[in-house]
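Enquirer: Pasting structure06.pdb here (PDB, C-alpha atoms and all ligand atoms):
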ATOM      1  CA  MET A   1      37.805  77.880 -26.878
ATOM      2  CA  PRO A   2      37.719  79.512 -23.391
ATOM      3  CA  ASP A   3      40.717  78.428 -21.261
ATOM      4  CA  LYS A   4      38.571  76.702 -18.640
ATOM      5  CA  GLU A   5      36.896  74.417 -21.164
ATOM      6  CA  ASN A   6      40.225  73.747 -22.784
ATOM      7  CA  ASP A   7      41.770  72.792 -19.423
ATOM      8  CA  GLN A   8      38.862  70.481 -18.661
ATOM      9  CA  GLU A   9      39.273  68.729 -21.991
ATOM     10  CA  LEU A  10      43.010  68.286 -21.381
ATOM     11  CA  ILE A  11      42.384  66.868 -17.886
ATOM     12  CA  GLU A  12      39.926  64.395 -19.369
ATOM     13  CA  GLN A  13      42.570  63.314 -21.863
ATOM     14  CA  VAL A  14      45.173  62.873 -19.117
ATOM     15  CA  ILE A  15      42.870  60.634 -17.101
ATOM     16  CA  ARG A  16      41.865  58.584 -20.112
ATOM     17  CA  SER A  17      44.689  56.337 -18.947
ATOM     18  CA  GLN A  18      43.599  54.405 -15.837
ATOM     19  CA  LYS A  19      46.975  54.993 -14.198
ATOM     20  CA  TYR A  20      46.240  58.738 -13.946
ATOM     21  CA  ALA A  21      42.491  58.379 -13.379
ATOM     22  CA  GLN A  22      43.270  56.760 -10.042
ATOM     23  CA  LEU A  23      45.126  59.808  -8.666
ATOM     24  CA  ALA A  24      43.638  62.627  -6.555
ATOM     25  CA  SER A  25      41.750  64.827  -9.021
ATOM     26  CA  THR A  26      43.104  68.047  -7.461
ATOM     27  CA  LEU A  27      46.689  66.983  -8.247
ATOM     28  CA  VAL A  28      45.869  65.905 -11.811
ATOM     29  CA  SER A  29      44.047  69.160 -12.427
ATOM     30  CA  ARG A  30      46.810  71.333 -10.973
ATOM     31  CA  VAL A  31      49.628  69.630 -12.879
ATOM     32  CA  THR A  32      47.684  69.626 -16.184
ATOM     33  CA  LYS A  33      46.850  73.327 -15.897
ATOM     34  CA  GLU A  34      50.484  74.148 -15.127
ATOM     35  CA  GLU A  35      51.714  72.151 -18.123
ATOM     36  CA  ALA A  36      49.099  73.826 -20.349
ATOM     37  CA  LYS A  37      50.856  77.132 -19.663
ATOM     38  CA  LYS A  38      54.224  75.738 -20.750
ATOM     39  CA  HIS A  39      53.387  73.899 -23.981
ATOM     40  CA  ASN A  40      51.360  74.620 -27.100
ATOM     41  CA  SER A  41      50.223  71.277 -28.482
ATOM     42  CA  PRO A  42      47.662  69.175 -26.583
ATOM     43  CA  GLN A  43      49.915  66.109 -27.028
ATOM     44  CA  ALA A  44      52.870  67.871 -25.394
ATOM     45  CA  ILE A  45      50.669  69.082 -22.513
ATOM     46  CA  ILE A  46      49.166  65.643 -21.875
ATOM     47  CA  GLN A  47      52.536  63.912 -22.148
ATOM     48  CA  SER A  48      54.345  66.271 -19.782
ATOM     49  CA  ALA A  49      51.458  66.263 -17.271
ATOM     50  CA  ARG A  50      51.535  62.451 -17.228
ATOM     51  CA  THR A  51      55.335  62.428 -16.868
ATOM     52  CA  ARG A  52      55.193  64.768 -13.871
ATOM     53  CA  LEU A  53      52.366  62.789 -12.256
ATOM     54  CA  HIS A  54      54.317  59.575 -12.794
ATOM     55  CA  GLN A  55      57.417  61.097 -11.166
ATOM     56  CA  LEU A  56      55.313  62.078  -8.131
ATOM     57  CA  THR A  57      53.529  58.742  -7.692
ATOM     58  CA  GLY A  58      53.831  55.724 -10.018
ATOM     59  CA  ALA A  59      57.624  55.895 -10.218
ATOM     60  CA  TYR A  60      57.762  54.535  -6.647
ATOM     61  CA  LEU A  61      55.284  51.712  -7.100
ATOM     62  CA  ALA A  62      55.663  48.300  -8.691
ATOM     63  CA  PRO A  63      53.769  48.553 -12.021
ATOM     64  CA  LYS A  64      51.169  45.830 -11.530
ATOM     65  CA  LEU A  65      50.420  45.888  -7.854
ATOM     66  CA  ASP A  66      47.430  43.651  -7.248
ATOM     67  CA  TYR A  67      45.931  45.150  -4.066
ATOM     68  CA  THR A  68      43.045  42.661  -4.030
ATOM     69  CA  GLN A  69      45.450  39.753  -3.966
ATOM     70  CA  TRP A  70      47.502  41.339  -1.151
ATOM     71  CA  LEU A  71      44.383  42.002   0.870
ATOM     72  CA  TYR A  72      43.431  38.381   0.398
ATOM     73  CA  LYS A  73      46.881  37.336   1.720
ATOM     74  CA  PHE A  74      46.406  39.441   4.865
ATOM     75  CA  LYS A  75      42.832  38.179   5.313
ATOM     76  CA  SER A  76      44.018  34.572   5.073
ATOM     77  CA  LEU A  77      46.370  34.996   8.040
ATOM     78  CA  ASP A  78      45.325  33.858  11.474
ATOM     79  CA  PRO A  79      44.628  37.140  13.385
ATOM     80  CA  ASN A  80      47.136  36.088  16.081
ATOM     81  CA  ASP A  81      49.870  35.107  13.636
ATOM     82  CA  ARG A  82      52.335  37.933  14.303
ATOM     83  CA  LEU A  83      55.160  36.360  12.307
ATOM     84  CA  GLY A  84      52.849  35.815   9.321
ATOM     85  CA  LEU A  85      51.728  39.429   9.519
ATOM     86  CA  GLU A  86      55.329  40.653   9.651
ATOM     87  CA  SER A  87      56.536  38.537   6.742
ATOM     88  CA  THR A  88      53.519  39.422   4.543
ATOM     89  CA  SER A  89      53.990  43.122   5.376
ATOM     90  CA  LEU A  90      57.710  42.955   4.547
ATOM     91  CA  SER A  91      56.962  41.266   1.196
ATOM     92  CA  MET A  92      54.400  43.882   0.264
ATOM     93  CA  MET A  93      56.632  46.777   1.356
ATOM     94  CA  ARG A  94      59.171  45.628  -1.244
ATOM     95  CA  LEU A  95      56.716  46.885  -3.889
ATOM     96  CA  HIS A  96      57.072  50.582  -3.010
ATOM     97  CA  ALA A  97      60.601  51.955  -3.511
ATOM     98  CA  SER A  98      60.468  54.108  -0.366
ATOM     99  CA  THR A  99      59.564  51.320   2.039
ATOM    100  CA  TYR A 100      61.796  48.856   0.171
ATOM    101  CA  GLU A 101      64.863  51.051   0.806
ATOM    102  CA  ARG A 102      64.037  51.126   4.535
ATOM    103  CA  LEU A 103      63.528  47.399   5.045
ATOM    104  CA  GLU A 104      67.050  46.497   6.159
ATOM    105  CA  VAL A 105      66.864  48.989   9.059
ATOM    106  CA  LEU A 106      63.145  48.665   9.806
ATOM    107  CA  PRO A 107      63.636  46.884  13.183
ATOM    108  CA  THR A 108      65.597  49.886  14.517
ATOM    109  CA  PHE A 109      64.411  52.784  12.342
ATOM    110  CA  PHE A 110      61.328  53.938  14.265
ATOM    111  CA  GLN A 111      62.554  52.611  17.617
ATOM    112  CA  THR A 112      65.617  54.877  17.282
ATOM    113  CA  ALA A 113      64.075  57.973  15.723
ATOM    114  CA  LEU A 114      61.014  57.996  18.030
ATOM    115  CA  ALA A 115      62.667  56.801  21.263
ATOM    116  CA  SER A 116      62.392  60.201  22.950
ATOM    117  CA  ILE A 117      58.608  60.458  22.377
ATOM    118  CA  SER A 118      57.486  56.848  22.631
ATOM    119  CA  PRO A 119      55.040  55.304  23.133
ATOM    120  CA  VAL A 120      53.360  57.400  20.459
ATOM    121  CA  LYS A 121      49.606  57.886  20.875
ATOM    122  CA  SER A 122      48.565  59.390  17.546
ATOM    123  CA  VAL A 123      50.146  59.445  14.091
ATOM    124  CA  LEU A 124      49.373  61.367  10.914
ATOM    125  CA  ASP A 125      51.255  59.612   8.090
ATOM    126  CA  LEU A 126      51.231  62.010   5.126
ATOM    127  CA  ALA A 127      52.069  60.922   1.555
ATOM    128  CA  CYS A 128      52.245  57.555   3.261
ATOM    129  CA  GLY A 129      52.806  55.103   0.402
ATOM    130  CA  LEU A 130      52.945  51.641   1.995
ATOM    131  CA  ASN A 131      54.542  52.937   5.206
ATOM    132  CA  PRO A 132      51.477  52.114   7.400
ATOM    133  CA  LEU A 133      52.496  48.461   6.938
ATOM    134  CA  SER A 134      55.448  49.361   9.219
ATOM    135  CA  ILE A 135      53.057  49.825  12.174
ATOM    136  CA  PRO A 136      54.221  46.542  13.823
ATOM    137  CA  TRP A 137      57.754  48.015  13.988
ATOM    138  CA  MET A 138      56.717  51.368  15.485
ATOM    139  CA  PRO A 139      56.812  52.193  19.225
ATOM    140  CA  LEU A 140      53.085  52.926  19.531
ATOM    141  CA  ALA A 141      50.963  53.193  22.680
ATOM    142  CA  ASP A 142      48.123  50.765  23.396
ATOM    143  CA  GLY A 143      45.000  52.114  21.686
ATOM    144  CA  PHE A 144      47.055  54.378  19.377
ATOM    145  CA  SER A 145      45.328  56.107  16.471
ATOM    146  CA  TYR A 146      46.750  56.281  12.958
ATOM    147  CA  TYR A 147      45.659  58.555  10.106
ATOM    148  CA  ALA A 148      47.271  57.805   6.759
ATOM    149  CA  SER A 149      46.844  59.593   3.435
ATOM    150  CA  ASP A 150      48.186  59.619  -0.092
ATOM    151  CA  VAL A 151      47.043  60.610  -3.586
ATOM    152  CA  VAL A 152      46.842  57.089  -5.066
ATOM    153  CA  ASN A 153      43.252  55.817  -4.822
ATOM    154  CA  PRO A 154      43.737  52.001  -4.949
ATOM    155  CA  LEU A 155      46.553  52.237  -2.386
ATOM    156  CA  VAL A 156      44.363  54.220   0.024
ATOM    157  CA  HIS A 157      41.476  51.842  -0.599
ATOM    158  CA  PHE A 158      43.750  48.898   0.290
ATOM    159  CA  LEU A 159      44.933  50.651   3.483
ATOM    160  CA  ARG A 160      41.321  51.293   4.493
ATOM    161  CA  HIS A 161      40.626  47.557   4.357
ATOM    162  CA  TYR A 162      43.922  46.781   6.091
ATOM    163  CA  PHE A 163      43.019  49.167   8.956
ATOM    164  CA  GLU A 164      39.601  47.506   9.274
ATOM    165  CA  LEU A 165      41.153  44.055   9.286
ATOM    166  CA  TYR A 166      43.657  44.890  12.040
ATOM    167  CA  ARG A 167      41.236  47.187  13.873
ATOM    168  CA  VAL A 168      43.551  50.171  13.568
ATOM    169  CA  LYS A 169      41.796  53.165  15.108
ATOM    170  CA  GLY A 170      41.883  56.024  12.584
ATOM    171  CA  GLU A 171      41.512  56.094   8.832
ATOM    172  CA  ALA A 172      43.154  56.039   5.444
ATOM    173  CA  SER A 173      42.118  58.812   3.078
ATOM    174  CA  ILE A 174      42.926  60.592  -0.139
ATOM    175  CA  LEU A 175      44.763  63.825   0.580
ATOM    176  CA  ASP A 176      46.694  65.994  -1.852
ATOM    177  CA  LEU A 177      49.119  67.974   0.306
ATOM    178  CA  SER A 178      49.455  70.621  -2.375
ATOM    179  CA  PHE A 179      45.712  71.237  -2.100
ATOM    180  CA  SER A 180      45.129  71.040   1.642
ATOM    181  CA  ILE A 181      47.176  70.665   4.802
ATOM    182  CA  PRO A 182      45.410  68.766   7.580
ATOM    183  CA  SER A 183      44.819  70.644  10.816
ATOM    184  CA  GLN A 184      43.849  67.794  13.130
ATOM    185  CA  PRO A 185      45.899  67.672  16.343
ATOM    186  CA  VAL A 186      48.283  64.692  16.639
ATOM    187  CA  GLN A 187      51.320  63.777  18.677
ATOM    188  CA  LEU A 188      53.362  62.821  15.615
ATOM    189  CA  ALA A 189      53.201  63.641  11.911
ATOM    190  CA  LEU A 190      55.303  61.658   9.435
ATOM    191  CA  LEU A 191      56.660  63.440   6.375
ATOM    192  CA  MET A 192      58.891  60.706   5.103
ATOM    193  CA  LYS A 193      60.800  61.255   1.853
ATOM    194  CA  THR A 194      58.035  63.651   0.919
ATOM    195  CA  LEU A 195      59.316  67.220   1.120
ATOM    196  CA  PRO A 196      61.502  67.021  -2.034
ATOM    197  CA  LEU A 197      58.348  66.079  -3.983
ATOM    198  CA  MET A 198      56.394  68.950  -2.439
ATOM    199  CA  GLU A 199      59.131  71.366  -3.572
ATOM    200  CA  GLN A 200      58.793  69.941  -7.106
ATOM    201  CA  ILE A 201      55.085  70.795  -7.011
ATOM    202  CA  GLU A 202      55.478  74.255  -5.509
ATOM    203  CA  HIS A 203      58.448  76.157  -4.178
ATOM    204  CA  SER A 204      58.090  76.758  -0.413
ATOM    205  CA  LEU A 205      55.283  74.194  -0.028
ATOM    206  CA  SER A 206      57.443  72.281   2.487
ATOM    207  CA  GLN A 207      57.658  75.350   4.672
ATOM    208  CA  LYS A 208      53.886  75.869   4.543
ATOM    209  CA  ILE A 209      53.302  72.231   5.501
ATOM    210  CA  LEU A 210      55.757  72.273   8.418
ATOM    211  CA  GLU A 211      54.339  75.536   9.754
ATOM    212  CA  ASN A 212      50.697  74.530   9.498
ATOM    213  CA  LEU A 213      50.658  70.959  10.766
ATOM    214  CA  ASN A 214      49.064  70.723  14.174
ATOM    215  CA  ALA A 215      51.552  68.110  15.441
ATOM    216  CA  GLU A 216      53.693  68.142  18.562
ATOM    217  CA  HIS A 217      56.458  66.346  16.666
ATOM    218  CA  ILE A 218      57.178  65.868  12.963
ATOM    219  CA  LEU A 219      59.468  63.171  11.628
ATOM    220  CA  VAL A 220      60.931  64.559   8.394
ATOM    221  CA  THR A 221      63.104  62.238   6.337
ATOM    222  CA  TYR A 222      65.053  62.498   3.089
ATOM    223  CA  PRO A 223      66.322  59.739   0.811
ATOM    224  CA  LEU A 224      70.086  59.438   0.456
ATOM    225  CA  ARG A 225      69.962  57.878  -2.982
ATOM    226  CA  SER A 226      67.837  58.460  -6.051
ATOM    227  CA  LEU A 227      65.362  55.952  -7.483
ATOM    228  CA  GLY A 228      68.137  54.977  -9.894
ATOM    229  CA  GLY A 229      70.480  54.289  -6.956
ATOM    230  CA  ARG A 230      72.772  57.321  -7.318
ATOM    231  CA  ARG A 231      73.898  59.082  -4.151
ATOM    232  CA  LYS A 232      75.920  61.971  -5.504
ATOM    233  CA  GLY A 233      75.349  65.184  -3.594
ATOM    234  CA  MET A 234      71.936  64.199  -2.213
ATOM    235  CA  GLU A 235      72.945  64.306   1.412
ATOM    236  CA  GLU A 236      74.453  67.810   1.138
ATOM    237  CA  THR A 237      71.510  69.095  -0.925
ATOM    238  CA  TYR A 238      68.822  67.838   1.441
ATOM    239  CA  ARG A 239      70.766  68.774   4.557
ATOM    240  CA  SER A 240      70.975  72.343   3.344
ATOM    241  CA  GLN A 241      67.275  72.348   2.293
ATOM    242  CA  PHE A 242      66.301  71.157   5.758
ATOM    243  CA  ASP A 243      68.627  73.664   7.495
ATOM    244  CA  GLN A 244      66.941  76.472   5.549
ATOM    245  CA  LEU A 245      63.493  75.153   6.424
ATOM    246  CA  VAL A 246      64.118  75.273  10.164
ATOM    247  CA  ALA A 247      66.447  78.287  10.280
ATOM    248  CA  GLY A 248      65.360  80.896  12.806
ATOM    249  CA  ARG A 249      62.711  78.653  14.391
ATOM    250  CA  ASN A 250      62.631  77.838  18.010
ATOM    251  CA  TRP A 251      62.188  74.132  17.235
ATOM    252  CA  LYS A 252      64.130  71.272  18.786
ATOM    253  CA  ILE A 253      65.774  69.062  16.148
ATOM    254  CA  GLN A 254      67.190  65.558  16.595
ATOM    255  CA  GLU A 255      69.016  63.968  13.677
ATOM    256  CA  PHE A 256      69.307  60.240  12.898
ATOM    257  CA  ARG A 257      71.435  58.910  10.056
ATOM    258  CA  PHE A 258      70.523  55.572   8.434
ATOM    259  CA  PRO A 259      72.270  53.969   5.440
ATOM    260  CA  ASN A 260      69.706  55.152   2.852
ATOM    261  CA  GLU A 261      67.837  57.869   4.695
ATOM    262  CA  VAL A 262      68.398  60.783   7.056
ATOM    263  CA  ALA A 263      65.658  61.542   9.607
ATOM    264  CA  TYR A 264      64.982  64.670  11.652
ATOM    265  CA  LEU A 265      62.613  64.638  14.588
ATOM    266  CA  VAL A 266      61.270  68.175  14.849
ATOM    267  CA  THR A 267      59.609  69.212  18.104
ATOM    268  CA  LYS A 268      57.628  72.428  17.782
TER     269      LYS A 268
HETATM  270  C1  LIG A 301      58.790  59.085  -1.983
HETATM  271  S1  LIG A 301      57.226  58.352  -1.644
HETATM  272  C2  LIG A 301      57.278  58.255   0.150
HETATM  273  C3  LIG A 301      56.301  57.258   0.743
HETATM  274  C4  LIG A 301      56.342  57.104   2.251
HETATM  275  N1  LIG A 301      56.192  58.386   2.919
HETATM  276  C5  LIG A 301      57.623  56.437   2.684
HETATM  277  O1  LIG A 301      58.599  57.119   2.999
HETATM  278  O2  LIG A 301      57.659  55.196   2.719
HETATM  279  C6  LIG A 301      56.178  59.711  -1.921
HETATM  280  C7  LIG A 301      54.702  59.449  -1.757
HETATM  281  O3  LIG A 301      54.040  60.704  -1.903
HETATM  282  C8  LIG A 301      52.816  60.518  -2.572
HETATM  283  N2  LIG A 301      52.445  61.844  -3.129
HETATM  284  C9  LIG A 301      52.883  62.435  -4.268
HETATM  285  N3  LIG A 301      52.332  63.645  -4.402
HETATM  286  C10 LIG A 301      51.541  63.851  -3.324
HETATM  287  C11 LIG A 301      50.696  64.924  -2.894
HETATM  288  N4  LIG A 301      50.565  66.039  -3.618
HETATM  289  N5  LIG A 301      50.014  64.788  -1.725
HETATM  290  C12 LIG A 301      50.127  63.657  -1.003
HETATM  291  N6  LIG A 301      50.902  62.608  -1.351
HETATM  292  C13 LIG A 301      51.605  62.694  -2.496
HETATM  293  C14 LIG A 301      53.130  59.428  -3.586
HETATM  294  O4  LIG A 301      51.980  58.749  -4.035
HETATM  295  C15 LIG A 301      54.097  58.522  -2.792
HETATM  296  O5  LIG A 301      53.414  57.474  -2.133
END
Could you render the structure from this file as structure tokens?

Expert:
Amino acid sequence: MPDKENDQELIEQVIRSQKYAQLASTLVSRVTKEEAKKHNSPQAIIQSARTRLHQLTGAYLAPKLDYTQWLYKFKSLDPNDRLGLESTSLSMMRLHASTYERLEVLPTFFQTALASISPVKSVLDLACGLNPLSIPWMPLADGFSYYASDVVNPLVHFLRHYFELYRVKGEASILDLSFSIPSQPVQLALLMKTLPLMEQIEHSLSQKILENLNAEHILVTYPLRSLGGRRKGMEETYRSQFDQLVAGRNWKIQEFRFPNEVAYLVTK
């Protein structure tokens, strides 16, 4: 069978499971084609493609996240109930490992890391996960705009409704960073805990993303512990990865150290 047809059949098998059908098709297709070059049996290809896709996406999310129910909870709040909004957002953010690990420092995280550029007028939150729910804790300007994207369809769909509900100017969309890098001009781009995943997809993808983003500032962060909770060597590894990324550039870098995360505010 010609390779192309074979690849298409394998992709269809991968997305036979709903969990993978809901991911950006460009990412599923890329990962499946790469795995097809490494393994011989269709089972091995499908299994390893699904494992890689899980490590990039589902591994961070609570397994049975009922977005409809969460949307209903937000819709049931009185629009002026700030405390209700904050406590519902905090509860939902517990369901994505990346936001969960940030919760204890959320009141100071963005205030500290973005102090020098606040109030922020426009944000591009890439590979966002549930981070847009942190908007109430960010130092944003009146009338700010917020563009969020990820590769998980139901998550993006939920964020779209959430933005409508709270009249957030901007949009939530599906965007596979390994397929396209947005070029829209913004004051701030967020690349939070994302670059290690981009390096897993393609060596030097982080560099391409940093170079091509049309943002005045980029907040790059790295986790300081693994999903399993181990810390060993992560700080040194990511520090040296980041140092290499920005070496020789005339960019201003500010560093902020939090208990579970290190953040760098890059000003181009
Ligand atoms: C480690 S989580 C970080 C989430 C969020 N930035 C935060 O720090 O709270 C990585 C996120 O990247 C998304 N992702 C994985 N591969 C991606 C890709 N190729 N393009 C865009 N997003 C991707 C995942 O779905 C997941 O939400």

Enquirer: For each of A:Ile15, A:Ala49, A:Leu155, A:Ile117, take the minimum atom-to-atom distance to ligand LIG 301 (chain A), counting all atoms listed in the file, then give the residue where this is smallest.

Expert: A:Leu155

Enquirer: May I have the residues within 7 Å of ligand LIG 301 (chain A), computed using all atoms listed in the file, as a PDB file with C-alpha atoms, in the coordinates of the input?

Expert:
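Result file follows (pocket-v6.pdb):
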ATOM      1  CA  LEU A  27      46.689  66.983  -8.247  1.00  0.00           C
ATOM      2  CA  LEU A  56      55.313  62.078  -8.131  1.00  0.00           C
ATOM      3  CA  THR A  57      53.529  58.742  -7.692  1.00  0.00           C
ATOM      4  CA  GLY A  58      53.831  55.724 -10.018  1.00  0.00           C
ATOM      5  CA  TYR A  60      57.762  54.535  -6.647  1.00  0.00           C
ATOM      6  CA  SER A  98      60.468  54.108  -0.366  1.00  0.00           C
ATOM      7  CA  THR A  99      59.564  51.320   2.039  1.00  0.00           C
ATOM      8  CA  LEU A 126      51.231  62.010   5.126  1.00  0.00           C
ATOM      9  CA  ALA A 127      52.069  60.922   1.555  1.00  0.00           C
ATOM     10  CA  CYS A 128      52.245  57.555   3.261  1.00  0.00           C
ATOM     11  CA  GLY A 129      52.806  55.103   0.402  1.00  0.00           C
ATOM     12  CA  LEU A 130      52.945  51.641   1.995  1.00  0.00           C
ATOM     13  CA  ASN A 131      54.542  52.937   5.206  1.00  0.00           C
ATOM     14  CA  SER A 149      46.844  59.593   3.435  1.00  0.00           C
ATOM     15  CA  ASP A 150      48.186  59.619  -0.092  1.00  0.00           C
ATOM     16  CA  VAL A 151      47.043  60.610  -3.586  1.00  0.00           C
ATOM     17  CA  VAL A 152      46.842  57.089  -5.066  1.00  0.00           C
ATOM     18  CA  LEU A 175      44.763  63.825   0.580  1.00  0.00           C
ATOM     19  CA  ASP A 176      46.694  65.994  -1.852  1.00  0.00           C
ATOM     20  CA  LEU A 177      49.119  67.974   0.306  1.00  0.00           C
ATOM     21  CA  SER A 178      49.455  70.621  -2.375  1.00  0.00           C
ATOM     22  CA  LEU A 191      56.660  63.440   6.375  1.00  0.00           C
ATOM     23  CA  MET A 192      58.891  60.706   5.103  1.00  0.00           C
ATOM     24  CA  LYS A 193      60.800  61.255   1.853  1.00  0.00           C
ATOM     25  CA  THR A 194      58.035  63.651   0.919  1.00  0.00           C
ATOM     26  CA  LEU A 197      58.348  66.079  -3.983  1.00  0.00           C
ATOM     27  CA  MET A 198      56.394  68.950  -2.439  1.00  0.00           C
TER      28      MET A 198
END

Enquirer: Written as JSON, numbers by chain, what is the full residue list that the PyMOL selection byres (((chain A and resi 137) around 9) and not hetatm) yields on the file shown?

Expert: {"A": [86, 106, 107, 108, 109, 110, 111, 133, 134, 135, 136, 138, 139, 140]}

Enquirer: Have a look at A:Thr221, A:Ser122, A:Gln187, A:Leu245 and name the one nearest to Ser206 in chain A; count all atoms listed in the file.

Expert: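 Under the stated criterion, the closest residue is A:Leu245.
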
Enquirer: Evaluate the PyMOL selection byres (((chain A and resi 202) around 12) and not hetatm) on the structure here and hand back the selected residues as a list in words.

Expert: Leu27, Arg30, Val31, Glu34, Leu177, Ser178, Phe179, Leu195, Pro196, Leu197, Met198, Glu199, Gln200, Ile201, His203, Ser204, Leu205, Ser206, Gln207, Lys208 and Ile209 of chain A

Enquirer: Figure out the distance between CA of Val14 in chain A and CA of His54 in chain A, please, to one decimal in Å.

Expert: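 Between CA of His54 in chain A and CA of Val14 in chain A the gap works out to 11.6 Å.
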
Enquirer: Could you tell me how far CA of Ile174 in chain A lies from CA of Arg160 in chain A, in Å and to one decimal?

Expert: 10.5 Å

Enquirer: For a cutoff of 12 Å around the file-coordinate point (56.3, 72.5, 9.5), which residues qualify once you count all atoms listed in the file? I'd like the result as a PyMOL selection string.

Expert: chain A and resi 181-183+188-191+195+204-220+242+245-247+249-251+264-268

Enquirer: Go ahead and dump the residues you just picked, C-alpha atoms, as an mmCIF file, in the coordinates of the input.

Expert:
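Now in result_19.cif:
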data_model
loop_
_atom_site.group_PDB
_atom_site.id
_atom_site.type_symbol
_atom_site.label_atom_id
_atom_site.label_comp_id
_atom_site.auth_asym_id
_atom_site.auth_seq_id
_atom_site.Cartn_x
_atom_site.Cartn_y
_atom_site.Cartn_z
ATOM 1 C CA ILE A 181 47.176 70.665 4.802
ATOM 2 C CA PRO A 182 45.410 68.766 7.580
ATOM 3 C CA SER A 183 44.819 70.644 10.816
ATOM 4 C CA LEU A 188 53.362 62.821 15.615
ATOM 5 C CA ALA A 189 53.201 63.641 11.911
ATOM 6 C CA LEU A 190 55.303 61.658 9.435
ATOM 7 C CA LEU A 191 56.660 63.440 6.375
ATOM 8 C CA LEU A 195 59.316 67.220 1.120
ATOM 9 C CA SER A 204 58.090 76.758 -0.413
ATOM 10 C CA LEU A 205 55.283 74.194 -0.028
ATOM 11 C CA SER A 206 57.443 72.281 2.487
ATOM 12 C CA GLN A 207 57.658 75.350 4.672
ATOM 13 C CA LYS A 208 53.886 75.869 4.543
ATOM 14 C CA ILE A 209 53.302 72.231 5.501
ATOM 15 C CA LEU A 210 55.757 72.273 8.418
ATOM 16 C CA GLU A 211 54.339 75.536 9.754
ATOM 17 C CA ASN A 212 50.697 74.530 9.498
ATOM 18 C CA LEU A 213 50.658 70.959 10.766
ATOM 19 C CA ASN A 214 49.064 70.723 14.174
ATOM 20 C CA ALA A 215 51.552 68.110 15.441
ATOM 21 C CA GLU A 216 53.693 68.142 18.562
ATOM 22 C CA HIS A 217 56.458 66.346 16.666
ATOM 23 C CA ILE A 218 57.178 65.868 12.963
ATOM 24 C CA LEU A 219 59.468 63.171 11.628
ATOM 25 C CA VAL A 220 60.931 64.559 8.394
ATOM 26 C CA PHE A 242 66.301 71.157 5.758
ATOM 27 C CA LEU A 245 63.493 75.153 6.424
ATOM 28 C CA VAL A 246 64.118 75.273 10.164
ATOM 29 C CA ALA A 247 66.447 78.287 10.280
ATOM 30 C CA ARG A 249 62.711 78.653 14.391
ATOM 31 C CA ASN A 250 62.631 77.838 18.010
ATOM 32 C CA TRP A 251 62.188 74.132 17.235
ATOM 33 C CA TYR A 264 64.982 64.670 11.652
ATOM 34 C CA LEU A 265 62.613 64.638 14.588
ATOM 35 C CA VAL A 266 61.270 68.175 14.849
ATOM 36 C CA THR A 267 59.609 69.212 18.104
ATOM 37 C CA LYS A 268 57.628 72.428 17.782
#

Enquirer: Quick one: pull the distance between CA of Leu53 in chain A and CA of Glu35 in chain A, Å, one decimal.

Expert: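 These two atoms are separated by 11.1 Å.
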
Enquirer: Is there a way to get, as a list in words, all residues within 10 Å of the point (47.3, 48.0, -9.5) in file coordinates, counting all atoms listed in the file?

Expert: Gln18, Lys19, Gln22, Leu61, Ala62, Pro63, Lys64, Leu65, Asp66, Tyr67, Thr68, Asn153, Pro154 and Leu155 of chain A

Enquirer: For Gln13 in chain A, please output as a PyMOL selection string all residues within 12 Å (counting only C-alpha atoms; exclusion window: fewer than 2 positions along the same chain).

Expert: chain A and resi 6-11+15-18+20-21+28-29+32+42-47+49-50
